[in-house]
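Student: Contents of coords08.cif (mmCIF, C-alpha atoms and all ligand atoms) are below:
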```
data_data
#
loop_
_atom_site.label_atom_id
_atom_site.label_comp_id
_atom_site.auth_asym_id
_atom_site.auth_seq_id
_atom_site.Cartn_x
_atom_site.Cartn_y
_atom_site.Cartn_z
CA MET M 62 51.48 32.01 -69.14
CA ASN M 63 48.25 33.90 -69.85
CA THR M 64 49.99 35.89 -72.60
CA GLU M 65 51.66 32.79 -74.00
CA LEU M 66 48.29 31.02 -74.30
CA PHE M 67 46.93 34.00 -76.23
CA ARG M 68 50.03 33.88 -78.47
CA GLN M 69 49.35 30.23 -79.23
CA GLY M 70 45.83 31.09 -80.36
CA VAL M 71 44.03 29.43 -77.45
CA PRO M 72 40.45 30.83 -77.30
CA ASP M 73 39.85 33.37 -74.54
CA THR M 74 37.02 31.27 -73.09
CA ILE M 75 39.38 28.32 -72.55
CA ILE M 76 42.05 30.55 -71.03
CA THR M 77 39.44 32.00 -68.70
CA GLN M 78 38.24 28.56 -67.68
CA HIS M 79 41.80 27.33 -67.21
CA PHE M 80 42.54 30.06 -64.66
CA GLY M 81 39.12 29.74 -62.99
CA ARG M 82 38.15 33.32 -63.79
CA GLU M 83 34.63 34.67 -63.82
CA SER M 84 34.80 36.51 -67.14
CA VAL M 85 36.98 36.69 -70.26
CA THR M 86 37.56 40.36 -69.51
CA GLN M 87 39.78 39.31 -66.62
CA SER M 88 41.95 37.24 -68.96
CA TYR M 89 42.56 40.28 -71.17
CA VAL M 90 43.89 42.19 -68.16
CA TYR M 91 46.83 39.77 -68.14
CA ASP M 92 47.27 39.70 -71.91
CA HIS M 93 50.62 41.41 -72.57
CA ARG M 94 50.98 40.73 -76.28
CA SER M 95 52.40 43.58 -78.37
CA LEU M 96 50.18 45.47 -80.77
CA GLY M 97 51.74 43.60 -83.71
CA GLU M 98 51.04 40.25 -82.05
CA ARG M 99 47.43 41.18 -81.36
CA LEU M 100 46.81 42.22 -84.95
CA LYS M 101 48.69 39.33 -86.57
CA ASP M 102 45.62 37.13 -86.89
CA VAL M 103 43.15 39.85 -87.83
CA ASP M 104 42.12 39.56 -91.47
CA ILE M 105 40.73 42.29 -93.67
CA PRO M 106 37.78 40.88 -95.68
CA ASP M 107 38.69 39.94 -99.27
CA LYS M 108 36.26 42.43 -100.75
CA ALA M 109 38.13 45.30 -99.04
CA ALA M 110 41.67 43.92 -99.14
CA ASN M 111 42.67 45.95 -102.22
CA LEU M 112 41.98 49.17 -100.30
CA PHE M 113 44.69 48.50 -97.69
CA GLN M 114 48.27 47.87 -98.71
CA PRO M 115 50.03 45.35 -96.43
CA GLY M 116 52.45 46.91 -93.97
CA THR M 117 51.00 50.42 -94.23
CA PRO M 118 49.54 52.52 -91.39
CA GLN M 119 46.15 52.13 -93.15
CA GLU M 120 46.31 48.40 -92.73
CA THR M 121 47.30 48.69 -89.05
CA VAL M 122 44.46 51.11 -88.24
CA ALA M 123 41.95 49.07 -90.25
CA LYS M 124 42.89 45.95 -88.29
CA MET M 125 42.58 47.84 -85.02
CA VAL M 126 39.10 48.98 -86.00
CA LEU M 127 38.01 45.54 -87.24
CA SER M 128 39.28 43.76 -84.14
CA ASP M 129 37.51 46.32 -81.92
CA LEU M 130 40.82 47.05 -80.28
CA PHE M 131 40.02 50.73 -80.50
CA GLY M 132 36.21 50.54 -80.48
CA GLY M 133 35.72 53.91 -78.77
CA SER M 134 37.74 55.92 -81.27
CA SER M 135 35.82 58.25 -83.54
CA ILE M 136 37.10 56.41 -86.63
CA ALA M 137 35.78 53.06 -85.30
CA MET M 138 32.44 54.53 -84.29
CA THR M 139 32.00 56.30 -87.64
CA PHE M 140 32.98 53.12 -89.50
CA LYS M 141 30.29 51.14 -87.64
CA LYS M 142 27.69 53.85 -88.21
CA ILE M 143 28.34 53.93 -91.97
CA GLN M 144 28.36 50.13 -92.08
CA ARG M 145 24.96 50.07 -90.34
CA GLU M 146 23.42 52.78 -92.46
CA SER M 147 25.06 52.36 -95.87
CA GLY M 148 26.66 48.93 -95.94
CA ASP M 149 30.14 47.43 -96.12
CA GLU M 150 31.33 49.03 -99.34
CA ALA M 151 30.78 52.60 -98.14
CA ALA M 152 32.17 51.79 -94.69
CA PHE M 153 35.43 50.28 -95.98
CA LEU M 154 35.84 53.16 -98.42
CA TYR M 155 35.52 55.56 -95.49
CA LEU M 156 38.00 53.52 -93.48
CA SER M 157 40.57 53.43 -96.28
CA GLN M 158 40.41 57.20 -96.69
CA ASN M 159 40.57 58.04 -93.01
CA SER M 160 42.97 55.47 -91.64
CA ASP M 161 46.20 57.06 -92.78
CA GLY M 162 47.00 57.96 -89.21
CA PHE M 163 49.04 55.67 -87.08
CA HIS M 164 51.54 57.86 -85.34
CA SER M 165 54.08 57.37 -82.66
CA THR M 166 53.88 60.41 -80.39
CA PRO M 167 56.39 61.07 -77.59
CA TYR M 168 53.99 59.32 -75.21
CA GLY M 169 52.55 56.36 -77.12
CA PHE M 170 50.50 55.79 -80.26
CA CYS M 171 47.79 57.88 -81.85
CA ILE M 172 45.45 56.68 -84.59
CA THR M 173 43.85 59.89 -85.67
CA SER M 174 44.40 61.10 -89.21
CA PHE M 175 46.32 64.35 -89.04
CA ALA M 176 45.46 64.93 -92.69
CA VAL M 177 41.76 65.08 -91.74
CA ASN M 178 42.07 66.71 -88.31
CA PRO M 179 45.37 68.02 -87.03
CA CYS M 180 45.87 67.51 -83.32
CA VAL M 181 44.64 70.72 -81.72
CA LYS M 182 45.84 69.69 -78.29
CA HIS M 183 49.46 69.65 -79.39
CA LEU M 184 50.18 66.13 -78.21
CA LYS M 185 48.50 66.15 -74.83
CA CYS M 186 47.71 62.50 -75.45
CA PHE M 187 47.70 61.67 -71.73
CA ASP M 188 45.13 64.41 -71.07
CA ASN M 189 42.11 62.13 -71.58
CA CYS M 190 42.45 61.91 -75.37
CA ARG M 191 40.40 59.06 -76.85
CA HIS M 192 42.93 58.55 -79.67
CA PHE M 193 45.75 57.71 -77.28
CA LEU M 194 47.03 54.15 -77.17
CA PRO M 195 49.66 53.38 -74.50
CA SER M 196 52.57 51.47 -75.98
CA GLY M 197 54.50 50.36 -72.90
CA MET M 198 57.70 51.21 -74.83
CA LYS M 199 60.68 52.36 -72.80
CA GLU M 200 61.11 55.58 -74.82
CA HIS M 201 57.51 56.60 -74.20
CA ARG M 202 57.77 55.86 -70.47
CA ILE M 203 60.89 58.01 -70.26
CA SER M 204 59.06 60.94 -71.93
CA LEU M 205 56.10 60.56 -69.58
CA GLU M 206 58.27 60.30 -66.48
CA SER M 207 60.34 63.30 -67.49
CA LEU M 208 57.22 65.37 -68.15
CA ARG M 209 55.72 64.31 -64.84
CA ALA M 210 58.85 65.47 -63.02
CA ASP M 211 58.64 68.88 -64.78
CA LEU M 212 54.95 69.22 -63.98
CA LYS M 213 55.57 68.46 -60.32
CA VAL M 214 58.14 71.25 -60.21
CA MET M 215 55.63 73.62 -61.86
CA ARG M 216 52.90 72.60 -59.44
CA ASP M 217 55.15 73.04 -56.40
CA THR M 218 56.38 76.41 -57.71
CA ALA M 219 52.77 77.59 -58.09
CA ALA M 220 51.88 76.22 -54.64
CA ALA M 221 54.77 78.17 -53.10
CA LYS M 222 53.36 81.49 -54.38
CA PRO M 223 51.39 83.69 -51.95
CA ILE M 224 47.94 82.17 -51.55
CA LYS M 225 46.14 85.09 -53.21
CA SER M 226 48.38 85.23 -56.31
CA ILE M 227 46.45 85.54 -59.55
CA GLY M 228 46.20 82.20 -61.36
CA ARG M 229 47.81 80.20 -58.55
CA LYS M 230 44.80 77.93 -58.02
CA ASN M 231 44.32 77.27 -61.75
CA GLN M 232 48.00 76.54 -62.29
CA ILE M 233 48.01 73.98 -59.47
CA ALA M 234 44.77 72.34 -60.68
CA HIS M 235 45.98 72.17 -64.29
CA ALA M 236 49.32 70.62 -63.34
CA GLU M 237 47.59 68.10 -61.09
CA GLN M 238 45.13 67.12 -63.82
CA LEU M 239 47.98 66.44 -66.22
CA ILE M 240 49.94 64.51 -63.59
CA ILE M 241 46.90 62.25 -63.01
CA GLY M 242 46.70 61.56 -66.77
CA ILE M 243 50.40 60.75 -66.91
CA ASP M 244 50.12 58.40 -63.93
CA LEU M 245 47.24 56.61 -65.68
CA ALA M 246 49.29 56.36 -68.88
CA LEU M 247 52.26 54.92 -67.01
CA ALA M 248 50.11 52.36 -65.22
CA ALA M 249 48.15 51.38 -68.35
CA GLN M 250 48.34 48.06 -70.12
CA PRO M 251 50.26 48.38 -73.41
CA SER M 252 48.12 48.38 -76.57
CA LYS M 253 44.88 48.84 -74.65
CA PRO M 254 42.97 52.06 -75.19
CA LEU M 255 43.05 54.11 -72.00
CA PHE M 256 40.55 56.91 -72.49
CA GLU M 257 37.99 55.33 -74.83
CA SER M 258 35.24 57.67 -73.67
CA GLY M 259 37.60 60.60 -73.41
CA THR M 260 37.77 63.80 -75.38
CA ASP M 261 38.45 63.82 -79.11
CA HIS M 262 41.46 66.12 -79.09
CA SER M 263 41.83 65.88 -82.84
CA THR M 264 38.71 67.92 -83.58
CA PRO M 265 38.98 71.68 -84.00
CA ILE M 266 38.30 73.77 -80.92
CA GLU M 267 34.92 75.45 -81.09
CA ASP M 268 35.14 79.14 -81.89
CA LEU M 269 33.40 80.78 -78.94
CA PHE M 270 33.01 84.06 -80.79
CA ARG M 271 31.28 82.65 -83.84
S1 LIG M 301 44.89 63.46 -81.16
FE1 LIG M 301 45.19 62.85 -79.02
S2 LIG M 301 46.48 60.99 -79.05
FE2 LIG M 301 46.61 61.99 -81.08
S3 LIG M 301 48.48 63.25 -80.93
FE3 LIG M 301 46.69 64.55 -80.41
S4 LIG M 301 46.51 64.45 -78.16
FE4 LIG M 301 47.84 62.72 -78.83
#
```
What does this structure look like when you write it as structure tokens?
Ligand code: SF4
Tutor:
Amino acid sequence: MNTELFRQGVPDTIITQHFGRESVTQSYVYDHRSLGERLKDVDIPDKAANLFQPGTPQETVAKMVLSDLFGGSSIAMTFKKIQRESGDEAAFLYLSQNSDGFHSTPYGFCITSFAVNPCVKHLKCFDNCRHFLPSGMKEHRISLESLRADLKVMRDTAAAKPIKSIGRKNQIAHAEQLIIGIDLALAAQPSKPLFESGTDHSTPIEDLFR
């Protein structure tokens, strides 16, 4: 019912009051609209509309940034910074040139532009990456569950090694860290950023020898 009220365009304050909740944030916890449904009513300002062709990944990412759906992403934060410092025109120009990325990865969605920064983490979206957006789609859940099963085997294999084996401790810790990320991704609400303050895995790894 909560989701249906959102679909009908009922304001979040009224939904919150209707259910006797203390804050609108609680109402969004039970908002299960798809990404498309959430973005349907988001408009790109007329002055910038010619920069984003309807139905393109640019338009999707721009709407996600404008609706603050992905406020913690580097593209959203940079957009706001440019808007503050240089005004709307420069900010929308930046957005149009950097929002070509809306990708479906094996585990969910990613909004980073691979043309600007290729993913250096090789799709470890569930490993605290701030660009990761859980989709709730069956295919993505299957990939995550299958990977979790493999990681558990790897962790148990490492744990079965003699206690003083080289690398044993690191292998176990690494597998467990990834399993935690996968569990979070599986439990996440679809279309809600999971690791907004997480690492930006799209940026190049620092060269330690430079
Ligand atoms: S940048 Fe992050 S979310 Fe995007 S593909 Fe790479 S690991 Fe996944």
Student: What does the list of residues within 12 Å of ligand LIG 301 (chain M) look like if you count only C-alpha atoms and all ligand atoms, written as an mmCIF file with C-alpha atoms, in the coordinates of the input?
Tutor:
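Once written, pocket26.cif looks like this:
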```cif
data_model
loop_
_atom_site.group_PDB
_atom_site.id
_atom_site.type_symbol
_atom_site.label_atom_id
_atom_site.label_comp_id
_atom_site.auth_asym_id
_atom_site.auth_seq_id
_atom_site.Cartn_x
_atom_site.Cartn_y
_atom_site.Cartn_z
ATOM 1 C CA SER M 134 37.740 55.920 -81.270
ATOM 2 C CA SER M 135 35.820 58.250 -83.540
ATOM 3 C CA ILE M 136 37.100 56.410 -86.630
ATOM 4 C CA GLY M 162 47.000 57.960 -89.210
ATOM 5 C CA PHE M 163 49.040 55.670 -87.080
ATOM 6 C CA HIS M 164 51.540 57.860 -85.340
ATOM 7 C CA SER M 165 54.080 57.370 -82.660
ATOM 8 C CA THR M 166 53.880 60.410 -80.390
ATOM 9 C CA PRO M 167 56.390 61.070 -77.590
ATOM 10 C CA TYR M 168 53.990 59.320 -75.210
ATOM 11 C CA GLY M 169 52.550 56.360 -77.120
ATOM 12 C CA PHE M 170 50.500 55.790 -80.260
ATOM 13 C CA CYS M 171 47.790 57.880 -81.850
ATOM 14 C CA ILE M 172 45.450 56.680 -84.590
ATOM 15 C CA THR M 173 43.850 59.890 -85.670
ATOM 16 C CA SER M 174 44.400 61.100 -89.210
ATOM 17 C CA PHE M 175 46.320 64.350 -89.040
ATOM 18 C CA ALA M 176 45.460 64.930 -92.690
ATOM 19 C CA VAL M 177 41.760 65.080 -91.740
ATOM 20 C CA ASN M 178 42.070 66.710 -88.310
ATOM 21 C CA PRO M 179 45.370 68.020 -87.030
ATOM 22 C CA CYS M 180 45.870 67.510 -83.320
ATOM 23 C CA VAL M 181 44.640 70.720 -81.720
ATOM 24 C CA LYS M 182 45.840 69.690 -78.290
ATOM 25 C CA HIS M 183 49.460 69.650 -79.390
ATOM 26 C CA LEU M 184 50.180 66.130 -78.210
ATOM 27 C CA LYS M 185 48.500 66.150 -74.830
ATOM 28 C CA CYS M 186 47.710 62.500 -75.450
ATOM 29 C CA PHE M 187 47.700 61.670 -71.730
ATOM 30 C CA ASP M 188 45.130 64.410 -71.070
ATOM 31 C CA ASN M 189 42.110 62.130 -71.580
ATOM 32 C CA CYS M 190 42.450 61.910 -75.370
ATOM 33 C CA ARG M 191 40.400 59.060 -76.850
ATOM 34 C CA HIS M 192 42.930 58.550 -79.670
ATOM 35 C CA PHE M 193 45.750 57.710 -77.280
ATOM 36 C CA LEU M 194 47.030 54.150 -77.170
ATOM 37 C CA PRO M 195 49.660 53.380 -74.500
ATOM 38 C CA SER M 196 52.570 51.470 -75.980
ATOM 39 C CA GLY M 242 46.700 61.560 -66.770
ATOM 40 C CA ALA M 246 49.290 56.360 -68.880
ATOM 41 C CA PRO M 254 42.970 52.060 -75.190
ATOM 42 C CA LEU M 255 43.050 54.110 -72.000
ATOM 43 C CA PHE M 256 40.550 56.910 -72.490
ATOM 44 C CA GLU M 257 37.990 55.330 -74.830
ATOM 45 C CA GLY M 259 37.600 60.600 -73.410
ATOM 46 C CA THR M 260 37.770 63.800 -75.380
ATOM 47 C CA ASP M 261 38.450 63.820 -79.110
ATOM 48 C CA HIS M 262 41.460 66.120 -79.090
ATOM 49 C CA SER M 263 41.830 65.880 -82.840
ATOM 50 C CA THR M 264 38.710 67.920 -83.580
ATOM 51 C CA PRO M 265 38.980 71.680 -84.000
#
```
Student: Need the neighbours of (56.5, 64.1, -63.8): which residues are at most 10 Å away, counting only C-alpha atoms, as a PDB file with C-alpha atoms, in the coordinates of the input?
Tutor:
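Result went into selection_6.pdb, see below:
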```
ATOM      1  CA  ILE M 203      60.890  58.010 -70.260  1.00  0.00           C
ATOM      2  CA  SER M 204      59.060  60.940 -71.930  1.00  0.00           C
ATOM      3  CA  LEU M 205      56.100  60.560 -69.580  1.00  0.00           C
ATOM      4  CA  GLU M 206      58.270  60.300 -66.480  1.00  0.00           C
ATOM      5  CA  SER M 207      60.340  63.300 -67.490  1.00  0.00           C
ATOM      6  CA  LEU M 208      57.220  65.370 -68.150  1.00  0.00           C
ATOM      7  CA  ARG M 209      55.720  64.310 -64.840  1.00  0.00           C
ATOM      8  CA  ALA M 210      58.850  65.470 -63.020  1.00  0.00           C
ATOM      9  CA  ASP M 211      58.640  68.880 -64.780  1.00  0.00           C
ATOM     10  CA  LEU M 212      54.950  69.220 -63.980  1.00  0.00           C
ATOM     11  CA  LYS M 213      55.570  68.460 -60.320  1.00  0.00           C
ATOM     12  CA  VAL M 214      58.140  71.250 -60.210  1.00  0.00           C
ATOM     13  CA  MET M 215      55.630  73.620 -61.860  1.00  0.00           C
ATOM     14  CA  ALA M 236      49.320  70.620 -63.340  1.00  0.00           C
ATOM     15  CA  LEU M 239      47.980  66.440 -66.220  1.00  0.00           C
ATOM     16  CA  ILE M 240      49.940  64.510 -63.590  1.00  0.00           C
ATOM     17  CA  ILE M 241      46.900  62.250 -63.010  1.00  0.00           C
ATOM     18  CA  ILE M 243      50.400  60.750 -66.910  1.00  0.00           C
ATOM     19  CA  ASP M 244      50.120  58.400 -63.930  1.00  0.00           C
TER      20      ASP M 244
END
```
Student: With all atoms listed in the file as the basis for distance, which of M:Lys141, M:Arg94, M:Lys222, M:Lys253 is at the shortest distance from Thr64 in chain M?
Tutor: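 Ranking M:Lys141, M:Arg94, M:Lys222, M:Lys253 by distance to Thr64 in chain M, first place goes to M:Arg94.
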Student: State, in Å with one decimal place, the distance from CA of Gln238 in chain M to CA of Ser258 in chain M.
Tutor: 16.9 Å
Student: At what distance in Å, to one decimal, does CA of Pro115 in chain M lie from CA of Glu65 in chain M?
Tutor: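 Pair CA of Glu65 in chain M / CA of Pro115 in chain M returns 25.8 Å.
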Student: As an exercise, work out the distance from CA of Leu247 in chain M to CA of Ala220 in chain M in Å and give it to one decimal place.
Tutor: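 Between CA of Leu247 in chain M and CA of Ala220 in chain M the gap works out to 24.6 Å.
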Student: For Asp129 in chain M, work out the shell of residues within 12 Å, counting all atoms listed in the file and skipping chain neighbours fewer than 2 positions away, then give it as a ChimeraX atom specification.
Tutor: /M:99-100,103,122-127,131-134,136-138,140-141,253-254,257
